[in-house]
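Below: one structure, written as structure tokens.
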Protein chains: 2
Amino acid sequence: MAKNVITPRGEDFPRWYQDVIQKAELADNGPVRGTMVIRPYGYSIWERMQQAMDARIKAAGAKNAYFPLFIPESYLTREAEHVEGFSPELAVVTHAGGKRLEEPAVVRPTSETVIGEYMAKWVQSYRDLPLLLNQWANVVRWELRPRLFLRTSEFLWQEGHTAHATEEDARLYAKRIHEQVYAEFMRDELAMPVVLGRKTAKERFAGATNTLTCEGMMGDGKALQMGTSHELGQNFARAFDMNFLTEDNERELAWTTSWGTSTRMVGGLIMCHGDDAGLRVPPKIAPVQVLVMVVKDGEGVAAAARQIVDDLLAAGVRAEVDDRDTAFGRRAVDAELKGIPVRVEVGPRDLAAGSVTLARRIAGGKSPVPLGGLVDAVRAALVEDHDALYADALRRRDDRIQSVATIAEAAEAAATGWATLPWAAVGTEGEATLGESAITVRCLMLPDGSVPREEDEDGVLAVVARAY
Amino acid sequence: MAKNVITPRGEDFPRWYQDVIQKAELADNGPVRGTMVIRPYGYSIWERMQQAMDARIKAAGAKNAYFPLFIPESYLTREAEHVEGFSPELAVVTHAGGKRLEEPAVVRPTSETVIGEYMAKWVQSYRDLPLLLNQWANVVRWELRPRLFLRTSEFLWQEGHTAHATEEDARLYAKRIHEQVYAEFMRDELAMPVVLGRKTAKERFAGATNTLTCEGMMGDGKALQMGTSHELGQNFARAFDMNFLTEDNERELAWTTSWGTSTRMVGGLIMCHGDDAGLRVPPKIAPVQVLVMVVKDGEGVAAAARQIVDDLLAAGVRAEVDDRDTAFGRRAVDAELKGIPVRVEVGPRDLAAGSVTLARRIAGGKSPVPLGGLVDAVRAALVEDHDALYADALRRRDDRIQSVATIAEAAEAAATGWATLPWAAVGTEGEATLGESAITVRCLMLPDGSVPREEDEDGVLAVVARAY
């Protein structure tokens with residue numbers, strides 16, 4: 001019903017994306033180039049993501065901490081690849097407190113360096129390891145072509161940073177975050193089937209020895225990197241002299257990891273699940289799972305609506321009443337744009353018959369439900385909706401991944417979806433060729449969907465696509 | 001028992017404060033002057049404060065949103081008093097993405113201006129009011145004499161920003177936040193009895209027409225401003241042209257408020273409740289309410305400790321096991337330093353007798369408790385501890401507030417505590433005189449402890465003190 005309100009996806013996908021963000025009141029452009037204002041509805045989605053992710057991170061043993069926004073410029077230069085990777089994107093504070101600073105301060109693009117400095121102080125002996133930290137923070141990477149949620153000069157994220165006594169322990173922890181924190185969160189909360197793999201050397205994080213990634217397919221067939229987990233080897237430990245006394249009383253450098261997910265996931269959510277009527281929010285992450293709408297006022301209708309909200313809240317369902325003094329049709333379009341999974345429409349006629357109407361954003365359709373069975377019907381709908389969103393996304397993804405043999409075929413397939421082909425048939429040279437058509441190797445994976453430990457293992461496949 | 005570990009308060013209070021922060025592993029100085037690293041234990045206290053405060057803010061109807069870190073320099077200059085107040089403290093980004101910026105970007109010292117700009121877009125009609133927003137964010141105010149948690153160049157806070165159709169509505173909302181959100185949070189969660197009042201014109205927030213404050217008394221008799229709520233009149237609405245169509249179809253400027261509390265509250269918590277053995281964390285805010293310690297290993301001891309933790313967790317008590325391979329005495333000192341309210345000591349001998357030992361950080365003392373009655377004993381202890389901390393702080397505060405008649409007497413009283421005297425006997429001239437001895441008027445209040453609507457009401461008292 002909101003089809004006239006926003007541009008259809010098939011007509012202009014980027015325009016559709018902008019329309020959804022504006023009409024669903026998710027975000028606005030900020031006044032400084034590339035920055036973003038996250039409006040209450042958009043922020044409430046991010047808050048739910050944060051809560052669910054934070055619980056998983058804590059369950060993986062990491063503790064939250066907070067490190068400064070400003071990093072001395074000299075810290076960045078200590079790890080050669082790191083500074084090279086981030087230099088073009090840095091925002092620099094040169095003046096503060098009315099004076100020129102002796103050493104300019106960089107606004108953190110990520111916190112590896114400053115956290116490396118402090119971990120080096122805190123890690124003295126093998127007993128201090130593993131040290132598992134996480135922080136929720138804003139970071140700044142100057143963007144030339146900003147796009148709300150996907151590429152903004154400032155974004156919100158979590159960044160985990162850990163130190164381990166052995167390479168194997170670091171490797172296993174990076175893998176645990178990749179699979180059990182990120183991929184499971186995306187599957188179980190965001191209803192998104194992401195492809196897991198490792199990045200090629202070209203696409204790796206600046207300073208990492210290995211980058212693991214979760215790649216999601218968007219509604220237009222492009223890829224979005226939804227989260228990454230890095231093994232940093234001893235690169236940052238060496239740069240910051242993070243060493244520890246082993247059980248055998250010898251000094252060794254620690255092995256570190258880092259991993260992050262950001263407000264970019266909100267962009268992924270929009271582009272994975274949205275349709276021509278607007279956003280569709282997976283029930284687990286929806287700030288409002290059920291909107292109870294007064295269709296038409298009448299004796300006892302408003303009170304009945306509030307009672308329904310109370311019953312749903314008591315049953316653990318996130319419900320809200322909509323009794324705004326605006327035409328019902330417009331309120332219904334709003335709810336569709338915002339992707340609220342279930343609407344309960346309450347009017348005098350239905351009420352007299354002891355029922356209400358259940359309108360479904362994801363399954364579609366409307367049906368009457370007796371008041372006594374409403375809570376159960378809503379619960380069942382939310383479970384069904386999560387599964388339907390996941391199944392939809394999985395079907396689209398599988399339909400749009402083509403298995404090919406050559407770079408030319410891969411480039412053709414990447415015009416509308418993804419391609420997989422033997423990494424041996426691509427290599428760094430093929431990667432460069434694809435790059436000329438703005439196609440990248442999103443990740444390397446094994447034919448069974450698992451993640452190769454080395455890129456030159458037998459049978460390694462490259463997943464190639466255009467990407468955000 | 002930790003008395004040798006930290007400087008006694010009576011010997012050197014600032015040194016004691018630093019010792020507590022270091023030994024309890026709350027925070028470290030950051031590498032850029034005045035910045036702060038909040039370590040996991042310190043951050044876990046802040047996280048609990050955030051959760052409790054966030055729930056109260058949402059209950060007051062405000063919704064969270066996020067506005068950019070960078071503000072165009074020109075925004076600041078639109079409200080004359082505001083820019084004058086913040087200019088000396090601003091950090092300025094002049095370069096980004098490898099280029100000099102056309103307009104320098106200021107790192108937000110607070111977000112009145114940028115939020116004013118967006119509220120002006122979102123507020124069109126009286127139907128859009130009140131607009132009640134809050135954000136959790138980092139802000140930067142360059143500090144010449146930084147002190148961890150109290151005055152840091154970057155700090156974490158929440159800042160609420162609201163717009164209203166009438167002055168009265170704005171006034172009542174600022175008051176509601178002051179009393180029902182801030183003061184109640186401080187009393188019910190932090191166990192701190194704060195004095196409520198309004199600031200004098202000299203001490204008001206830059207751009208406000210009225211600033212309401214919560215003042216806490218620290219262990220050394222100084223005052224700490226724990227939170228403020230401002231009426232901004234139409235100053236920011238005028239600067240950002242935030243007008244709306246009234247029911248009578250006329251254009252009017254909105255009335256706005258702003259209000260904030262920050263990581264400074266962690267400093268207040270330390271200095272209000274700490275003693276010579278370290279921190280004492282009020283049970284409601286304690287990340288770990290009960291530490292279950294293995295005194296001495298033996299058959300079944302570790303398993304019994306874990307079972308006790310599970311039982312406490314199931315009863316809604318935040319419990320953790322401490323089975324570290326470190327001498328028991330040292331672990332007990334650590335727990336005292338960190339201010340964990342209750343320790344349950346589990347050893348083979350006690351266990352054989354079917355009991356454990358309850359050690360109390362706040363009430364002091366140790367006593368055996370039969371295992372079957374442990375959960376109830378712990379619950380009772382936590383309630384008692386909260387009340388005891390509050391009563392202690394209230395007694396100290398009342399003991400150290402002197403009612404005086406003259407400025408000279410006030411200055412003398414402020415050497416060790418606070419003084420109250422008629423505001424009529426102080427005035428702006430007396431305020432300046434007191435300022436020469438680093439004594440400030442913390443707030444104006446009425447004799448019954450309520451907040452005067454105007455500073456020249458009959459009987460208004462000035463509360464004067466040295467302050468952090």
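Starting from 1 in every chain, residues are counted up; chains themselves are A, B, ... following the order of the structure tokens, and ligands are numbered from 1 as listed.
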
Using only C-alpha atoms, determine which residues lie at most 7 Å from B:Asn138, disregarding the query and same-chain residues fewer than 6 positions distant; provide the list as a CSV table (one decimal) with C-alpha atoms, in the first residue's frame.
```
chain,number,residue,atom,x,y,z
B,154,GLU,CA,36.9,13.5,26.6
B,155,PHE,CA,34.1,12.1,28.7
B,156,LEU,CA,31.1,9.9,28.2
B,157,TRP,CA,27.6,11.2,29.0
```

Taking only C-alpha atoms into account, what are the residues of chain A at most 7 Å from chain B, put as an mmCIF file with all heavy atoms, in the first residue's frame?
```cif
data_model
loop_
_atom_site.group_PDB
_atom_site.id
_atom_site.type_symbol
_atom_site.label_atom_id
_atom_site.label_comp_id
_atom_site.auth_asym_id
_atom_site.auth_seq_id
_atom_site.Cartn_x
_atom_site.Cartn_y
_atom_site.Cartn_z
ATOM 1 N N GLY A 30 24.211 14.402 8.148
ATOM 2 C CA GLY A 30 24.676 15.388 9.117
ATOM 3 C C GLY A 30 25.192 16.632 8.415
ATOM 4 O O GLY A 30 25.343 16.646 7.195
ATOM 5 N N PRO A 31 25.478 17.691 9.167
ATOM 6 C CA PRO A 31 25.901 18.948 8.547
ATOM 7 C C PRO A 31 27.347 18.908 8.031
ATOM 8 O O PRO A 31 27.659 19.590 7.059
ATOM 9 C CB PRO A 31 25.763 19.973 9.673
ATOM 10 C CG PRO A 31 25.840 19.192 10.935
ATOM 11 C CD PRO A 31 25.317 17.827 10.626
ATOM 12 N N VAL A 32 28.213 18.125 8.681
ATOM 13 C CA VAL A 32 29.586 17.998 8.183
ATOM 14 C C VAL A 32 29.602 16.827 7.214
ATOM 15 O O VAL A 32 29.042 15.764 7.495
ATOM 16 C CB VAL A 32 30.582 17.776 9.345
ATOM 17 C CG1 VAL A 32 31.953 17.372 8.831
ATOM 18 C CG2 VAL A 32 30.675 19.027 10.213
ATOM 19 N N THR A 35 28.763 12.817 7.554
ATOM 20 C CA THR A 35 28.295 12.403 8.874
ATOM 21 C C THR A 35 26.798 12.110 8.825
ATOM 22 O O THR A 35 26.120 12.436 7.845
ATOM 23 C CB THR A 35 28.589 13.464 9.952
ATOM 24 O OG1 THR A 35 27.894 14.673 9.637
ATOM 25 C CG2 THR A 35 30.082 13.749 10.035
ATOM 26 N N MET A 36 26.286 11.511 9.867
ATOM 27 C CA MET A 36 24.930 10.979 9.869
ATOM 28 C C MET A 36 24.209 11.289 11.169
ATOM 29 O O MET A 36 24.787 11.170 12.247
ATOM 30 C CB MET A 36 25.044 9.460 9.677
ATOM 31 C CG MET A 36 23.810 8.639 9.972
ATOM 32 S SD MET A 36 23.943 6.886 9.423
ATOM 33 C CE MET A 36 25.272 6.268 10.472
ATOM 34 N N VAL A 37 22.960 11.673 11.058
ATOM 35 C CA VAL A 37 22.091 11.814 12.227
ATOM 36 C C VAL A 37 21.221 10.556 12.264
ATOM 37 O O VAL A 37 20.492 10.291 11.309
ATOM 38 C CB VAL A 37 21.200 13.068 12.108
ATOM 39 C CG1 VAL A 37 20.156 13.098 13.214
ATOM 40 C CG2 VAL A 37 22.053 14.331 12.107
ATOM 41 N N ILE A 38 21.324 9.781 13.311
ATOM 42 C CA ILE A 38 20.489 8.581 13.417
ATOM 43 C C ILE A 38 19.244 8.956 14.204
ATOM 44 O O ILE A 38 19.321 9.320 15.379
ATOM 45 C CB ILE A 38 21.236 7.422 14.100
ATOM 46 C CG1 ILE A 38 22.592 7.199 13.415
ATOM 47 C CG2 ILE A 38 20.394 6.146 14.045
ATOM 48 C CD1 ILE A 38 23.410 6.062 14.028
ATOM 49 N N ARG A 39 18.104 8.910 13.542
ATOM 50 C CA ARG A 39 16.847 9.335 14.165
ATOM 51 C C ARG A 39 16.329 8.263 15.123
ATOM 52 O O ARG A 39 16.785 7.120 15.090
ATOM 53 C CB ARG A 39 15.828 9.663 13.065
ATOM 54 C CG ARG A 39 16.339 10.776 12.133
ATOM 55 C CD ARG A 39 15.303 11.177 11.126
ATOM 56 N NE ARG A 39 14.158 11.810 11.804
ATOM 57 C CZ ARG A 39 13.131 12.355 11.165
ATOM 58 N NH1 ARG A 39 13.098 12.343 9.839
ATOM 59 N NH2 ARG A 39 12.137 12.904 11.840
ATOM 60 N N PRO A 40 15.395 8.631 15.991
ATOM 61 C CA PRO A 40 14.994 7.676 17.034
ATOM 62 C C PRO A 40 14.617 6.283 16.533
ATOM 63 O O PRO A 40 15.029 5.283 17.113
ATOM 64 C CB PRO A 40 13.823 8.386 17.716
ATOM 65 C CG PRO A 40 14.161 9.835 17.580
ATOM 66 C CD PRO A 40 14.792 9.958 16.202
ATOM 67 N N TYR A 43 17.741 4.542 15.471
ATOM 68 C CA TYR A 43 18.584 4.261 16.623
ATOM 69 C C TYR A 43 18.022 3.117 17.462
ATOM 70 O O TYR A 43 18.770 2.328 18.028
ATOM 71 C CB TYR A 43 18.770 5.524 17.475
ATOM 72 C CG TYR A 43 19.949 5.373 18.413
ATOM 73 C CD1 TYR A 43 21.244 5.625 17.963
ATOM 74 C CD2 TYR A 43 19.786 4.940 19.716
ATOM 75 C CE1 TYR A 43 22.334 5.450 18.801
ATOM 76 C CE2 TYR A 43 20.870 4.766 20.564
ATOM 77 C CZ TYR A 43 22.140 5.032 20.093
ATOM 78 O OH TYR A 43 23.217 4.843 20.927
ATOM 79 N N LYS A 63 35.229 -8.459 27.893
ATOM 80 C CA LYS A 63 34.679 -7.427 28.768
ATOM 81 C C LYS A 63 34.748 -6.070 28.089
ATOM 82 O O LYS A 63 35.731 -5.761 27.410
ATOM 83 C CB LYS A 63 35.478 -7.379 30.070
ATOM 84 C CG LYS A 63 35.259 -8.626 30.896
ATOM 85 C CD LYS A 63 35.930 -8.561 32.237
ATOM 86 C CE LYS A 63 35.459 -9.773 33.062
ATOM 87 N NZ LYS A 63 36.083 -9.818 34.373
ATOM 88 N N ASN A 64 33.748 -5.257 28.318
ATOM 89 C CA ASN A 64 33.736 -3.929 27.725
ATOM 90 C C ASN A 64 34.667 -2.977 28.460
ATOM 91 O O ASN A 64 34.816 -3.053 29.683
ATOM 92 C CB ASN A 64 32.323 -3.348 27.724
ATOM 93 C CG ASN A 64 31.441 -4.017 26.686
ATOM 94 O OD1 ASN A 64 31.936 -4.606 25.733
ATOM 95 N ND2 ASN A 64 30.130 -3.932 26.865
ATOM 96 N N ALA A 65 35.288 -2.072 27.712
ATOM 97 C CA ALA A 65 36.150 -1.029 28.261
ATOM 98 C C ALA A 65 36.004 0.169 27.324
ATOM 99 O O ALA A 65 35.240 0.104 26.355
ATOM 100 C CB ALA A 65 37.591 -1.503 28.306
ATOM 101 N N TYR A 66 36.697 1.265 27.654
ATOM 102 C CA TYR A 66 36.623 2.420 26.767
ATOM 103 C C TYR A 66 37.983 3.084 26.639
ATOM 104 O O TYR A 66 38.619 3.408 27.643
ATOM 105 C CB TYR A 66 35.593 3.442 27.284
ATOM 106 C CG TYR A 66 35.388 4.557 26.274
ATOM 107 C CD1 TYR A 66 34.581 4.344 25.160
ATOM 108 C CD2 TYR A 66 36.038 5.780 26.411
ATOM 109 C CE1 TYR A 66 34.419 5.335 24.204
ATOM 110 C CE2 TYR A 66 35.871 6.774 25.451
ATOM 111 C CZ TYR A 66 35.061 6.546 24.351
ATOM 112 O OH TYR A 66 34.908 7.511 23.404
ATOM 113 N N PHE A 67 38.390 3.292 25.397
ATOM 114 C CA PHE A 67 39.681 3.914 25.092
ATOM 115 C C PHE A 67 39.435 5.246 24.403
ATOM 116 O O PHE A 67 38.389 5.463 23.807
ATOM 117 C CB PHE A 67 40.499 2.967 24.205
ATOM 118 C CG PHE A 67 40.912 1.720 24.944
ATOM 119 C CD1 PHE A 67 40.052 0.643 25.051
ATOM 120 C CD2 PHE A 67 42.140 1.638 25.573
ATOM 121 C CE1 PHE A 67 40.405 -0.496 25.769
ATOM 122 C CE2 PHE A 67 42.513 0.509 26.285
ATOM 123 C CZ PHE A 67 41.648 -0.557 26.387
ATOM 124 N N PRO A 68 40.427 6.164 24.482
ATOM 125 C CA PRO A 68 40.172 7.528 24.013
ATOM 126 C C PRO A 68 39.917 7.669 22.511
ATOM 127 O O PRO A 68 40.451 6.931 21.692
ATOM 128 C CB PRO A 68 41.451 8.278 24.407
ATOM 129 C CG PRO A 68 42.052 7.488 25.510
ATOM 130 C CD PRO A 68 41.727 6.058 25.175
ATOM 131 N N PHE A 70 40.920 10.258 20.845
ATOM 132 C CA PHE A 70 42.098 10.858 20.218
ATOM 133 C C PHE A 70 43.316 9.965 20.397
ATOM 134 O O PHE A 70 43.610 9.506 21.506
ATOM 135 C CB PHE A 70 42.411 12.225 20.825
ATOM 136 C CG PHE A 70 41.342 13.250 20.591
ATOM 137 C CD1 PHE A 70 40.967 14.123 21.603
ATOM 138 C CD2 PHE A 70 40.700 13.347 19.368
ATOM 139 C CE1 PHE A 70 39.978 15.075 21.400
ATOM 140 C CE2 PHE A 70 39.701 14.295 19.147
ATOM 141 C CZ PHE A 70 39.343 15.164 20.170
ATOM 142 N N ILE A 71 44.036 9.764 19.312
ATOM 143 C CA ILE A 71 45.232 8.920 19.307
ATOM 144 C C ILE A 71 46.406 9.774 18.845
ATOM 145 O O ILE A 71 46.288 10.488 17.852
ATOM 146 C CB ILE A 71 45.019 7.717 18.356
ATOM 147 C CG1 ILE A 71 43.822 6.877 18.834
ATOM 148 C CG2 ILE A 71 46.276 6.866 18.245
ATOM 149 C CD1 ILE A 71 43.514 5.681 17.949
ATOM 150 N N PRO A 72 47.543 9.728 19.559
ATOM 151 C CA PRO A 72 48.693 10.499 19.089
ATOM 152 C C PRO A 72 49.059 10.035 17.673
ATOM 153 O O PRO A 72 49.065 8.834 17.400
ATOM 154 C CB PRO A 72 49.809 10.125 20.071
ATOM 155 C CG PRO A 72 49.120 9.559 21.273
ATOM 156 C CD PRO A 72 47.857 8.936 20.764
ATOM 157 N N PRO A 88 44.840 7.908 4.314
ATOM 158 C CA PRO A 88 43.984 8.768 3.475
ATOM 159 C C PRO A 88 42.642 9.100 4.125
ATOM 160 O O PRO A 88 41.925 9.971 3.629
ATOM 161 C CB PRO A 88 43.755 7.927 2.217
ATOM 162 C CG PRO A 88 44.722 6.787 2.291
ATOM 163 C CD PRO A 88 45.045 6.594 3.730
ATOM 164 N N GLU A 89 42.288 8.410 5.204
ATOM 165 C CA GLU A 89 40.943 8.565 5.774
ATOM 166 C C GLU A 89 40.929 9.279 7.107
ATOM 167 O O GLU A 89 39.889 9.409 7.732
ATOM 168 C CB GLU A 89 40.338 7.170 5.997
ATOM 169 C CG GLU A 89 40.234 6.315 4.753
ATOM 170 C CD GLU A 89 39.716 4.917 5.061
ATOM 171 O OE1 GLU A 89 39.598 4.574 6.255
ATOM 172 O OE2 GLU A 89 39.421 4.179 4.113
ATOM 173 N N LEU A 90 42.081 9.754 7.563
ATOM 174 C CA LEU A 90 42.145 10.284 8.922
ATOM 175 C C LEU A 90 41.623 11.711 9.061
ATOM 176 O O LEU A 90 41.845 12.546 8.187
ATOM 177 C CB LEU A 90 43.588 10.251 9.420
ATOM 178 C CG LEU A 90 44.245 8.864 9.510
ATOM 179 C CD1 LEU A 90 45.690 8.998 9.964
ATOM 180 C CD2 LEU A 90 43.463 7.938 10.428
ATOM 181 N N ALA A 91 40.956 11.971 10.182
ATOM 182 C CA ALA A 91 40.598 13.340 10.570
ATOM 183 C C ALA A 91 41.562 13.732 11.692
ATOM 184 O O ALA A 91 41.798 12.943 12.607
ATOM 185 C CB ALA A 91 39.162 13.409 11.063
ATOM 186 N N VAL A 92 42.113 14.918 11.604
ATOM 187 C CA VAL A 92 43.196 15.309 12.492
ATOM 188 C C VAL A 92 42.847 16.577 13.269
ATOM 189 O O VAL A 92 42.431 17.584 12.689
ATOM 190 C CB VAL A 92 44.494 15.555 11.688
ATOM 191 C CG1 VAL A 92 45.667 15.844 12.627
ATOM 192 C CG2 VAL A 92 44.800 14.360 10.794
ATOM 193 N N VAL A 93 43.003 16.508 14.596
ATOM 194 C CA VAL A 93 42.805 17.679 15.450
ATOM 195 C C VAL A 93 44.164 18.358 15.600
ATOM 196 O O VAL A 93 45.114 17.750 16.097
ATOM 197 C CB VAL A 93 42.286 17.266 16.841
ATOM 198 C CG1 VAL A 93 42.216 18.482 17.770
ATOM 199 C CG2 VAL A 93 40.918 16.618 16.728
ATOM 200 N N THR A 94 44.242 19.584 15.140
ATOM 201 C CA THR A 94 45.511 20.322 15.221
ATOM 202 C C THR A 94 45.469 21.390 16.305
ATOM 203 O O THR A 94 46.502 21.817 16.786
ATOM 204 C CB THR A 94 45.814 21.019 13.880
ATOM 205 O OG1 THR A 94 44.668 21.791 13.524
ATOM 206 C CG2 THR A 94 46.130 20.005 12.796
ATOM 207 N N HIS A 95 44.247 21.842 16.664
ATOM 208 C CA HIS A 95 44.093 22.892 17.657
ATOM 209 C C HIS A 95 43.147 22.443 18.757
ATOM 210 O O HIS A 95 42.126 21.830 18.474
ATOM 211 C CB HIS A 95 43.515 24.158 17.017
ATOM 212 C CG HIS A 95 44.470 24.844 16.109
ATOM 213 N ND1 HIS A 95 44.750 24.371 14.840
ATOM 214 C CD2 HIS A 95 45.230 25.955 16.279
ATOM 215 C CE1 HIS A 95 45.635 25.172 14.269
ATOM 216 N NE2 HIS A 95 45.938 26.136 15.111
ATOM 217 N N ALA A 96 43.492 22.759 19.990
ATOM 218 C CA ALA A 96 42.588 22.453 21.099
ATOM 219 C C ALA A 96 42.863 23.400 22.244
ATOM 220 O O ALA A 96 44.019 23.821 22.453
ATOM 221 C CB ALA A 96 42.760 21.006 21.552
ATOM 222 N N GLY A 97 41.801 23.764 22.955
ATOM 223 C CA GLY A 97 41.955 24.681 24.082
ATOM 224 C C GLY A 97 42.553 26.009 23.651
ATOM 225 O O GLY A 97 43.270 26.648 24.418
ATOM 226 N N GLY A 98 42.273 26.392 22.406
ATOM 227 C CA GLY A 98 42.753 27.691 21.932
ATOM 228 C C GLY A 98 44.205 27.707 21.484
ATOM 229 O O GLY A 98 44.736 28.763 21.127
ATOM 230 N N TRP A 142 37.293 9.315 6.933
ATOM 231 C CA TRP A 142 36.754 10.297 5.997
ATOM 232 C C TRP A 142 36.310 9.631 4.709
ATOM 233 O O TRP A 142 37.054 8.864 4.124
ATOM 234 C CB TRP A 142 37.801 11.376 5.713
ATOM 235 C CG TRP A 142 37.137 12.695 5.545
ATOM 236 C CD1 TRP A 142 36.986 13.386 4.374
ATOM 237 C CD2 TRP A 142 36.508 13.472 6.567
ATOM 238 N NE1 TRP A 142 36.293 14.544 4.619
ATOM 239 C CE2 TRP A 142 35.986 14.627 5.945
ATOM 240 C CE3 TRP A 142 36.321 13.311 7.941
ATOM 241 C CZ2 TRP A 142 35.311 15.609 6.652
ATOM 242 C CZ3 TRP A 142 35.650 14.284 8.644
ATOM 243 C CH2 TRP A 142 35.149 15.413 8.000
#
```

Notebook entry, point to check: Quick one: of A:Ile362, A:Val301, A:Val281, A:Ala438, who's nearest to A:Arg349, counting only C-alpha atoms?
Noted result: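 For A:Arg349, the nearest of the given residues is A:Val301.
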
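Using only C-alpha atoms, the nearest neighbour of B:Asp456 within the list B:Cys272, B:Ala393, B:Ala59, B:Ala201 is B:Ala201.
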
Note to self: Just the number, please: distance in Å from atom CA of B:Gly85 to atom CA of B:Met186, one decimal.
What the structure shows: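 Going from atom CA of B:Gly85 over to atom CA of B:Met186 covers 27.5 Å.
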
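Distance-wise, atom CA of B:Pro109 and atom CA of B:Glu159 end up 11.0 Å apart.
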
Next item on the list: Per DSSP on the backbone, filter stretch 245-281 of chain B down to the residues in helix (DSSP H, G or I) and report them as number ranges by chain.
Entry: B: 264-273

Notebook entry, point to check: Which residue out of B:Ala363, B:Met242, B:Leu269, B:Ala165 has the minimum interatomic distance to B:Ala388 when only C-alpha atoms are used?
Noted result: B:Ala363
